[in-house]
$ cat work-v8.txt   # compact mmCIF, C-alpha atoms
# COMPACT_ATOMS: atom_id res chain seq x y z
CA MET G 1 2.06 -7.83 -53.64
CA LYS G 2 -0.09 -8.33 -50.56
CA ASN G 3 -2.35 -5.55 -49.44
CA PHE G 4 -2.41 -5.19 -45.65
CA ASN G 5 -6.20 -4.85 -45.67
CA ASP G 6 -6.33 -8.26 -47.34
CA ILE G 7 -4.01 -9.68 -44.67
CA GLU G 8 -6.27 -8.31 -41.96
CA LEU G 9 -9.31 -9.77 -43.69
CA LEU G 10 -7.57 -13.14 -44.07
CA SER G 11 -6.59 -13.12 -40.39
CA SER G 12 -10.15 -12.36 -39.33
CA TYR G 13 -11.45 -14.97 -41.75
CA LEU G 14 -9.11 -17.51 -40.18
CA ASP G 15 -10.62 -16.78 -36.79
CA GLY G 16 -14.17 -16.87 -38.09
CA GLN G 17 -14.66 -13.18 -37.36
CA LEU G 18 -16.06 -12.23 -40.78
CA ASN G 19 -19.75 -12.24 -41.49
CA SER G 20 -21.03 -14.72 -44.05
CA ALA G 21 -21.24 -12.22 -46.92
CA ASP G 22 -17.64 -11.05 -46.43
CA SER G 23 -16.50 -14.65 -46.04
CA VAL G 24 -18.07 -15.70 -49.34
CA ARG G 25 -16.56 -12.71 -51.11
CA LEU G 26 -13.13 -13.42 -49.68
CA GLU G 27 -13.32 -17.11 -50.50
CA SER G 28 -14.03 -16.33 -54.14
CA ARG G 29 -11.05 -13.97 -54.22
CA ILE G 30 -8.80 -16.58 -52.57
CA SER G 31 -9.75 -19.14 -55.20
CA SER G 32 -8.86 -16.75 -57.98
CA HIS G 33 -5.73 -15.25 -56.36
CA PRO G 34 -2.99 -17.74 -55.36
CA GLU G 35 -1.19 -14.94 -53.51
CA LEU G 36 -4.09 -14.64 -51.12
CA ALA G 37 -4.22 -18.41 -50.68
CA SER G 38 -0.51 -18.42 -49.87
CA ALA G 39 -0.92 -15.56 -47.38
CA LEU G 40 -3.82 -17.34 -45.74
CA ASN G 41 -1.70 -20.43 -45.39
CA ASP G 42 1.13 -18.41 -43.82
CA LEU G 43 -1.23 -17.00 -41.27
CA ARG G 44 -2.66 -20.42 -40.59
CA VAL G 45 0.84 -21.86 -40.02
CA ALA G 46 1.73 -19.05 -37.62
CA ARG G 47 -1.47 -19.50 -35.68
CA GLY G 48 -1.18 -23.29 -35.72
CA VAL G 49 2.39 -23.24 -34.45
CA LEU G 50 1.42 -20.95 -31.57
CA ARG G 51 -1.42 -23.25 -30.67
CA LYS G 52 1.03 -26.14 -30.61
CA LEU G 53 2.97 -24.48 -27.83
CA PRO G 54 2.78 -26.66 -24.75
CA ALA G 55 0.87 -25.07 -21.88
CA ARG G 56 3.24 -24.29 -19.04
CA LYS G 57 2.02 -24.97 -15.55
CA ALA G 58 2.54 -22.53 -12.75
CA PRO G 59 5.77 -23.39 -10.91
CA ARG G 60 4.04 -22.93 -7.55
CA ASN G 61 0.74 -21.91 -6.03
CA PHE G 62 0.06 -18.20 -6.19
CA THR G 63 -2.64 -18.21 -3.53
CA LEU G 64 -2.63 -15.12 -1.37
CA THR G 65 -2.20 -14.83 2.37
CA ARG G 66 -3.93 -12.18 4.46
CA LYS G 67 -0.56 -10.60 5.13
CA MET G 68 0.11 -10.26 1.40
CA VAL G 69 -3.06 -8.31 0.82
CA GLY G 70 -2.73 -6.32 4.05
CA GLN G 71 -5.91 -7.65 5.65
CA LYS G 72 -6.28 -7.08 9.41
CA PRO G 73 -8.15 -9.40 11.77
CA PRO G 74 -11.72 -8.41 12.61
CA LEU G 75 -11.65 -6.97 16.14
CA PRO G 76 -14.56 -7.20 18.61
CA ARG G 77 -16.43 -4.07 19.68
CA SER G 78 -14.86 -4.24 23.14
CA TYR G 79 -11.51 -3.42 21.50
CA SER G 80 -12.72 -0.05 20.31
CA ILE G 81 -14.30 0.62 23.73
CA PHE G 82 -10.98 0.02 25.46
CA GLN G 83 -9.23 2.04 22.82
CA PHE G 84 -11.59 4.93 23.43
CA ALA G 85 -11.21 4.57 27.22
CA THR G 86 -7.42 4.74 26.88
CA GLY G 87 -7.56 7.84 24.75
CA PHE G 88 -10.15 9.58 26.89
CA ALA G 89 -8.40 8.81 30.18
CA THR G 90 -5.08 9.99 28.76
CA LEU G 91 -6.71 13.21 27.67
CA LEU G 92 -8.23 13.74 31.11
CA LEU G 93 -4.91 13.03 32.79
CA VAL G 94 -3.09 15.55 30.63
CA PHE G 95 -5.90 18.01 31.23
CA SER G 96 -5.72 17.53 35.02
CA PHE G 97 -1.98 18.13 35.04
CA ALA G 98 -2.45 21.24 32.91
CA ILE G 99 -5.16 22.64 35.22
CA ASN G 100 -3.09 22.00 38.34
CA ALA G 101 -0.04 23.57 36.77
CA LEU G 102 -2.04 26.63 35.69
CA SER G 103 -3.64 27.16 39.10
CA SER G 104 -0.33 26.86 40.95
CA ALA G 105 1.29 29.28 38.52
CA ARG G 106 -1.49 31.80 39.16
CA THR G 107 -1.12 31.41 42.95
CA PHE G 108 2.62 31.94 42.83
CA GLY G 109 2.12 34.93 40.53
CA ALA G 110 -0.24 36.55 43.09
CA ALA G 111 1.98 35.69 46.06
CA ALA G 112 5.20 36.90 44.50
CA PRO G 113 4.98 40.66 45.49
CA ALA G 114 4.13 39.81 49.16
CA PHE G 115 7.05 37.40 49.45
CA GLY G 116 9.35 39.49 47.33
CA MET G 117 10.10 36.40 45.33
CA GLY G 118 12.04 36.36 42.15
CA GLY G 119 15.26 38.05 41.21
CA GLY G 120 13.45 40.95 39.51
CA GLY G 121 11.48 42.01 42.61
CA GLY G 122 14.43 43.26 44.61
CA GLY G 123 13.03 46.76 45.30
CA PRO G 124 9.80 46.08 47.17
CA ALA G 125 11.14 42.90 48.76
CA ALA G 126 14.05 44.80 50.22
CA THR G 127 11.76 47.37 51.79
CA GLU G 128 9.15 44.95 53.12
CA ALA G 129 11.41 42.17 54.26
CA PRO G 130 12.81 43.98 57.29
CA VAL G 131 9.25 44.60 58.51
CA ALA G 132 8.47 40.92 58.34
CA GLU G 133 11.75 39.97 59.95
CA SER G 134 11.59 42.63 62.66
CA ALA G 135 8.07 41.71 63.69
CA PRO G 136 8.96 38.69 65.85
CA VAL G 137 11.67 40.78 67.45
CA GLU G 138 9.27 43.60 68.18
CA GLU G 139 6.47 41.36 69.38
CA PRO G 140 7.94 40.38 72.74
CA SER G 141 9.09 43.91 73.44
CA LEU G 142 5.61 45.21 72.77
CA GLN G 143 4.07 42.59 74.99
CA PHE G 144 6.53 43.37 77.69
CA ALA G 145 5.84 47.03 77.16
CA ALA G 146 2.10 46.57 77.28
CA VAL G 147 2.10 44.90 80.66
CA PRO G 148 3.74 47.81 82.49
CA THR G 149 1.49 50.30 80.66
CA GLN G 150 -1.62 48.55 81.92
CA THR G 151 -0.28 48.72 85.45
CA ALA G 152 0.98 52.27 85.05
CA SER G 153 -1.92 53.67 82.99
CA SER G 154 -3.67 55.60 85.65
CA PRO G 155 -1.03 58.20 86.50
CA ASN G 156 -0.59 59.65 82.99
CA ALA G 157 -3.33 59.79 80.38
CA ASP G 158 -1.11 61.04 77.49
CA ASP G 159 1.39 58.32 78.06
CA ALA G 160 -1.41 55.84 78.15
CA ARG G 161 -2.78 57.14 74.84
CA GLN G 162 0.62 56.90 73.20
CA LEU G 163 1.11 53.42 74.48
CA GLU G 164 -2.33 52.37 73.19
CA THR G 165 -1.48 53.73 69.74
CA ALA G 166 1.84 51.93 69.79
CA THR G 167 0.16 48.73 70.92
CA ALA G 168 -2.47 49.01 68.19
CA GLU G 169 0.21 49.53 65.54
CA ALA G 170 2.18 46.61 66.89
CA LEU G 171 -0.89 44.41 66.84
CA MET G 172 -1.66 45.43 63.28
CA THR G 173 1.89 44.58 62.22
CA LYS G 174 1.64 41.27 64.06
CA GLU G 175 -1.63 40.42 62.36
CA ALA G 176 -0.18 41.34 59.01
CA VAL G 177 2.82 39.10 59.54
CA ALA G 178 0.83 36.28 61.12
CA GLY G 179 -1.93 36.54 58.48
CA SER G 180 0.43 36.18 55.56
CA GLU G 181 1.56 32.66 56.54
CA PRO G 182 -1.82 30.93 56.85
CA GLN G 183 -2.89 32.58 53.53
CA ASP G 184 0.15 31.10 51.83
CA GLN G 185 -0.57 27.66 53.25
CA SER G 186 -4.16 27.74 52.08
CA SER G 187 -3.11 28.82 48.58
CA VAL G 188 -0.70 25.89 48.38
CA ALA G 189 -3.54 23.60 49.39
CA ASN G 190 -5.77 25.13 46.72
CA ASP G 191 -3.03 24.67 44.00
CA THR G 192 -4.16 21.11 43.26
CA VAL G 193 -7.59 21.76 41.77
CA ILE G 194 -7.76 18.13 40.65
CA PRO G 195 -6.73 15.85 43.51
CA PHE G 196 -3.78 13.54 43.13
CA SER G 197 -5.95 10.52 43.86
CA TRP G 198 -8.00 11.24 40.75
CA GLN G 199 -4.88 11.30 38.64
CA VAL G 200 -3.83 7.95 40.08
CA ILE G 201 -7.23 6.54 39.18
CA LEU G 202 -6.87 7.85 35.63
CA VAL G 203 -3.45 6.25 35.29
CA ILE G 204 -4.88 2.93 36.49
CA ILE G 205 -7.73 3.19 33.96
CA ILE G 206 -5.23 3.90 31.17
CA LEU G 207 -3.07 0.93 32.11
CA ILE G 208 -6.00 -1.46 32.36
CA SER G 209 -7.45 -0.29 29.02
CA VAL G 210 -4.11 -0.63 27.24
CA VAL G 211 -3.52 -4.12 28.58
CA ALA G 212 -7.08 -5.19 27.72
CA ALA G 213 -6.84 -3.75 24.19
CA ILE G 214 -3.52 -5.52 23.56
CA ALA G 215 -4.91 -8.81 24.88
CA ILE G 216 -8.03 -8.54 22.69
CA ASN G 217 -5.90 -7.72 19.64
CA GLN G 218 -3.55 -10.65 20.21
CA ASN G 219 -6.43 -13.01 20.81
CA ALA G 220 -8.17 -11.87 17.60
CA LYS G 221 -4.97 -12.34 15.61
CA ARG G 222 -4.43 -15.82 17.03
CA LYS G 223 -7.98 -16.87 16.23
CA TRP G 224 -7.76 -15.37 12.74
CA GLN G 225 -4.61 -17.23 11.83
CA MET V 1 -16.93 -24.14 -9.41
CA ASP V 2 -19.53 -21.39 -9.23
CA GLU V 3 -17.38 -18.56 -10.53
CA THR V 4 -19.98 -15.83 -10.03
CA ALA V 5 -20.53 -16.76 -6.38
CA LEU V 6 -16.79 -16.91 -5.75
CA ILE V 7 -16.31 -13.49 -7.35
CA GLN V 8 -19.10 -12.03 -5.21
CA SER V 9 -17.59 -13.49 -2.05
CA ALA V 10 -14.19 -12.17 -3.03
CA GLN V 11 -15.74 -8.75 -3.61
CA ASN V 12 -16.96 -8.93 -0.01
CA GLY V 13 -13.37 -9.51 1.12
CA ASP V 14 -13.41 -13.31 1.30
CA LEU V 15 -9.83 -14.27 0.53
CA ASP V 16 -10.55 -18.00 0.47
CA SER V 17 -12.97 -17.53 -2.40
CA PHE V 18 -10.43 -15.51 -4.31
CA ASN V 19 -7.80 -18.17 -3.68
CA THR V 20 -10.13 -20.73 -5.25
CA LEU V 21 -10.28 -18.50 -8.33
CA ILE V 22 -6.49 -18.21 -8.28
CA LEU V 23 -6.09 -21.99 -8.26
CA HIS V 24 -8.35 -22.15 -11.30
CA TYR V 25 -6.58 -19.43 -13.31
CA GLN V 26 -2.98 -19.51 -12.13
CA ASP V 27 -1.70 -21.78 -14.92
CA SER V 28 -3.10 -19.67 -17.75
CA VAL V 29 -2.10 -16.42 -16.05
CA PHE V 30 1.45 -17.67 -15.51
CA HIS V 31 1.66 -18.99 -19.07
CA THR V 32 0.57 -15.65 -20.46
CA ALA V 33 3.14 -13.81 -18.34
CA LEU V 34 5.82 -16.28 -19.39
CA ARG V 35 5.13 -15.78 -23.09
CA ILE V 36 5.12 -12.00 -22.77
CA LEU V 37 8.17 -11.74 -20.52
CA SER V 38 10.10 -14.77 -21.72
CA ASP V 39 11.55 -15.35 -18.25
CA GLU V 40 10.19 -17.77 -15.66
CA ASP V 41 11.19 -15.81 -12.56
CA LEU V 42 9.88 -12.54 -13.89
CA ALA V 43 6.71 -14.27 -15.03
CA ALA V 44 6.20 -15.72 -11.53
CA ASP V 45 6.69 -12.27 -9.99
CA ALA V 46 4.28 -10.69 -12.46
CA THR V 47 1.73 -13.42 -11.79
CA GLN V 48 1.90 -12.87 -8.04
CA GLU V 49 1.67 -9.11 -8.50
CA ALA V 50 -1.29 -9.57 -10.81
CA PHE V 51 -3.21 -11.66 -8.28
CA ILE V 52 -2.52 -9.24 -5.45
CA SER V 53 -3.58 -6.32 -7.61
CA ALA V 54 -6.65 -8.24 -8.78
CA PHE V 55 -7.79 -8.94 -5.22
CA ARG V 56 -7.37 -5.31 -4.25
CA SER V 57 -9.35 -4.08 -7.23
CA ILE V 58 -11.89 -6.87 -7.55
CA SER V 59 -14.65 -4.52 -6.44
CA SER V 60 -14.17 -2.75 -9.79
CA PHE V 61 -15.07 -5.95 -11.67
CA ARG V 62 -18.51 -5.34 -13.14
CA GLY V 63 -19.25 -8.74 -14.61
CA GLY V 64 -18.41 -10.16 -18.03
CA SER V 65 -15.45 -12.40 -18.70
CA PHE V 66 -13.44 -12.80 -15.51
CA LYS V 67 -10.67 -14.44 -17.51
CA ALA V 68 -10.38 -11.35 -19.74
CA TRP V 69 -10.33 -9.12 -16.66
CA MET V 70 -7.67 -11.30 -15.07
CA MET V 71 -5.61 -11.26 -18.26
CA ARG V 72 -5.80 -7.49 -18.34
CA THR V 73 -4.37 -7.42 -14.83
CA VAL V 74 -1.51 -9.76 -15.68
CA THR V 75 -0.83 -7.92 -18.93
CA ASN V 76 -0.50 -4.68 -16.98
CA ALA V 77 1.83 -6.39 -14.50
CA CYS V 78 3.94 -7.64 -17.42
CA TYR V 79 4.08 -4.16 -18.97
CA ASP V 80 5.23 -2.76 -15.61
CA GLU V 81 7.92 -5.42 -15.49
CA LEU V 82 9.03 -4.66 -19.05
CA ARG V 83 9.20 -0.95 -18.21
CA ARG V 84 11.33 -1.75 -15.15
CA ARG V 85 13.56 -3.91 -17.28
CA LYS V 86 13.90 -1.09 -19.79
CA ARG V 87 14.95 1.30 -17.04
CA ARG V 88 17.50 -1.20 -15.72
CA PRO V 89 18.73 -2.96 -18.84
CA THR V 90 20.58 -6.23 -18.34
CA THR V 91 22.32 -8.46 -20.89
CA PRO V 92 20.97 -7.76 -24.37
CA LEU V 93 18.85 -10.52 -25.82
CA GLU V 94 20.42 -10.09 -29.24
CA PRO V 95 24.20 -10.40 -28.97
CA GLU V 96 26.23 -8.33 -31.37
CA THR V 97 29.51 -8.83 -33.16
CA GLU V 98 32.49 -6.65 -32.42
CA ASP V 99 31.35 -4.38 -35.26
CA GLY V 100 28.00 -3.91 -33.55
CA GLU V 101 26.07 -6.04 -36.01
CA GLU V 102 23.42 -8.39 -34.77
CA ILE V 103 24.30 -12.09 -34.94
CA ASP V 104 21.92 -14.25 -36.97
CA SER V 105 19.95 -16.79 -34.94
CA PRO V 106 21.66 -15.68 -31.76
CA ARG V 107 19.62 -17.98 -29.56
CA TRP V 108 21.41 -21.01 -30.97
CA LEU V 109 24.79 -19.44 -30.56
CA ALA V 110 24.23 -17.86 -27.20
CA ASP V 111 22.59 -20.85 -25.58
CA PRO V 112 24.55 -24.07 -25.97
CA ASN V 113 21.55 -26.03 -24.72
CA MET V 114 19.66 -25.09 -27.82
CA THR V 115 21.56 -27.40 -30.17
CA PRO V 116 19.27 -30.07 -31.60
CA ALA V 117 21.58 -32.79 -30.32
CA GLU V 118 21.01 -31.78 -26.71
CA LYS V 119 17.39 -30.90 -26.66
CA SER V 120 14.28 -32.55 -27.85
CA GLU V 121 12.53 -31.12 -30.85
CA ALA V 122 9.62 -29.97 -28.80
CA ASP V 123 11.83 -27.87 -26.60
CA GLU V 124 13.59 -26.48 -29.63
CA LEU V 125 10.36 -25.56 -31.29
CA GLU V 126 9.20 -23.89 -28.11
CA HIS V 127 12.39 -21.88 -27.92
CA ALA V 128 12.12 -20.99 -31.57
CA ILE V 129 8.56 -19.77 -31.14
CA GLN V 130 9.51 -17.81 -28.03
CA HIS V 131 12.40 -16.27 -29.93
CA CYS V 132 10.00 -15.12 -32.63
CA LEU V 133 7.54 -13.84 -30.02
CA ASP V 134 10.30 -11.86 -28.34
CA ALA V 135 11.05 -10.18 -31.66
CA LEU V 136 7.51 -8.77 -31.82
CA PRO V 137 6.51 -5.40 -30.39
CA THR V 138 4.94 -5.86 -26.96
CA ASP V 139 1.41 -4.95 -28.06
CA PHE V 140 1.54 -7.41 -30.96
CA ARG V 141 2.98 -10.10 -28.70
CA THR V 142 0.23 -9.60 -26.14
CA ALA V 143 -2.48 -9.83 -28.81
CA VAL V 144 -1.07 -13.00 -30.29
CA VAL V 145 -0.48 -14.62 -26.88
CA LEU V 146 -4.02 -13.91 -25.72
CA ALA V 147 -5.74 -14.86 -28.99
CA ASP V 148 -3.65 -17.75 -30.27
CA ILE V 149 -2.09 -19.22 -27.14
CA GLN V 150 -4.87 -18.55 -24.63
CA GLY V 151 -7.59 -19.03 -27.26
CA MET V 152 -9.51 -15.92 -26.26
CA ASP V 153 -11.90 -14.32 -28.75
CA TYR V 154 -11.38 -10.84 -30.15
CA SER V 155 -13.69 -9.10 -27.70
CA GLU V 156 -11.95 -10.70 -24.72
CA VAL V 157 -8.54 -9.76 -26.10
CA ALA V 158 -9.82 -6.23 -26.61
CA ILE V 159 -10.96 -6.08 -22.97
CA ALA V 160 -7.67 -7.50 -21.75
CA SER V 161 -5.64 -5.10 -23.89
CA GLN V 162 -7.98 -2.12 -23.32
CA VAL V 163 -8.13 -1.30 -27.03
CA PRO V 164 -10.93 -1.55 -29.62
CA VAL V 165 -11.61 -4.84 -31.41
CA GLY V 166 -10.48 -3.29 -34.70
CA THR V 167 -7.05 -2.62 -33.24
CA ILE V 168 -6.83 -6.21 -32.08
CA LYS V 169 -7.67 -7.45 -35.60
CA SER V 170 -4.94 -5.31 -37.06
CA ARG V 171 -2.35 -6.28 -34.42
CA LEU V 172 -3.13 -9.96 -34.81
CA ALA V 173 -2.76 -9.86 -38.57
CA ARG V 174 0.55 -8.05 -38.40
CA ALA V 175 1.86 -10.22 -35.59
CA ARG V 176 1.00 -13.45 -37.41
CA LEU V 177 2.63 -12.20 -40.57
CA ARG V 178 5.84 -11.31 -38.72
CA LEU V 179 5.81 -14.59 -36.84
CA ARG V 180 5.51 -16.50 -40.08
CA GLU V 181 8.50 -14.65 -41.49
CA CYS V 182 10.51 -15.38 -38.37
CA LEU V 183 9.52 -19.03 -38.27
CA ARG V 184 10.87 -19.55 -41.80
CA GLY V 185 14.29 -19.53 -40.18
CA PHE V 186 13.32 -22.58 -38.14
CA GLU V 187 11.47 -24.47 -40.84
CA GLU V 188 13.10 -27.79 -39.97
CA LEU V 189 11.69 -27.58 -36.43
CA LEU V 190 8.10 -27.07 -37.49
CA PRO V 191 5.73 -30.00 -37.29
CA ALA V 192 5.52 -31.95 -40.55
CA SER V 193 2.01 -30.81 -41.33
CA PHE V 194 2.99 -27.14 -41.21
CA ARG V 195 6.16 -27.77 -43.14
CA LEU V 196 4.44 -29.62 -45.95
CA GLU V 197 1.80 -26.95 -46.27
CA SER V 198 4.33 -24.18 -46.36
CA GLU V 199 6.60 -26.04 -48.79
CA SER V 200 3.72 -26.79 -51.12
CA ASN V 201 2.73 -23.14 -51.11
CA SER V 202 6.21 -21.72 -51.55
$ encode --input "work-v8.txt" --output "structure tokens"
Amino acid sequence: MKNFNDIELLSSYLDGQLNSADSVRLESRISSHPELASALNDLRVARGVLRKLPARKAPRNFTLTRKMVGQKPPLPRSYSIFQFATGFATLLLVFSFAINALSSARTFGAAAPAFGMGGGGGGPAATEAPVAESAPVEEPSLQFAAVPTQTASSPNADDARQLETATAEALMTKEAVAGSEPQDQSSVANDTVIPFSWQVILVIIILISVVAAIAINQNAKRKWQ
Amino acid sequence: MDETALIQSAQNGDLDSFNTLILHYQDSVFHTALRILSDEDLAADATQEAFISAFRSISSFRGGSFKAWMMRTVTNACYDELRRRKRRPTTPLEPETEDGEEIDSPRWLADPNMTPAEKSEADELEHAIQHCLDALPTDFRTAVVLADIQGMDYSEVAIASQVPVGTIKSRLARARLRLRECLRGFEELLPASFRLESESNS
């Protein structure tokens, strides 16, 4: 009956893994125990047969390509500069659009009660609109009325005072109506905080940077391959 | 070939240096995978996987036997492949009778090319040995392939298998014993020297 410890010792002995003292001890046991000699021979046959196995060559080359290991071509510093320029210009462009949109929204918000814009502002718009519309109609009548008053001012002082008051009111209304239009025009002009030309320049910068970055990338890849 | 310099270059990302190492080791790596997996296509896949994995993790190589480190990588790739195969089982290696009993020496029955009349003795012996290797538990098979087929010493096998040297000693002894038992069934194929020795001792 073979003890597994003996088998392990024999296997190590076969490979020269025992120290000299253990080897000598085992050798003396082997010489006196045929079982151990037989087991040693079995192990030797097994090992010898395995060593007889013909070495098989690789069926092909297993060399790696850069694609296989996911390596990317080394890019020049200019690539990252263009990349940064693209990102930064895009950010500025978006920012400029946002600022312009915000400023125009604020202007319209302020102008809405005066114009009576929007479906919700029906009340005040309805009351103020006739004043604005009637003003041009009243204007000529007042002018026509003013001319005769100047000529006929001397006979009656009360009439003259009434006419002056009426004229002053009419002028105030006229100024109010006339003043609202130029204010609106100036606010429209002030809507574009960032000029359109700047935005065009930003778009051009973005396009140039993108094209340059792509060209650099392609060139680096071509050189790398 | 200055292996240390090539390894250092590869650690710095030089793929050409690593490819030089691959050309040097690919035969032994493939042979190891073939003996563990017993299938050429799977062995080729495992070899390729092992080299890719080795390149990606070469920075973790801290010196010592590069061959042992490489064998550890391919052994892991083979274990992954065996696990995959276990999850998606294909045709059983050991055909059974209608009663569910295993057929003796199935390789010779299942593979008509294995008859001695059609194949040379060398091929038959190789198939016989592979059959016996396949019958071993994976850990035993790996130990015996690395130590006896690749000729690595115990410490290298221990590194490759990531177990202590004592475990390798034990696995080797058991594996050799089982192999010897298995090879008794193919005594006539063994080289004369082995046969005579075994006959004289039996």
$ atom_distance --input "work-v8.txt" --atom1 "atom CA of V:Cys78" --atom2 "atom CA of G:Gln71"
25.1 Å
$ residues_around --input "work-v8.txt" --residues "stretch 79-88 of chain V" --least-positions-apart "5" --cutoff "8 Å" --atoms "only C-alpha atoms" --output "NGL selection string"
:V and (37 or 42 or 46)
$ closest_residue --input "work-v8.txt" --among "V:Gln11, V:Ser60, V:Thr73, V:Ser170" --to "chain G" --atoms "all atoms listed in the file"
V:Ser170
$ interface_residues --input "work-v8.txt" --of "chain V" --to "chain G" --cutoff "8 Å" --atoms "all atoms listed in the file" --output "ChimeraX atom specification"
/V:15,19,22-23,26-28,30-31,44,47-48,51-52,55-56,126,129,148-149,169-170,172-174,176-177,179-180,183,190,194,197-198,201-202
$ atom_distance --input "work-v8.txt" --atom1 "atom CA of V:Trp69" --atom2 "atom CA of V:Pro137"
22.0 Å
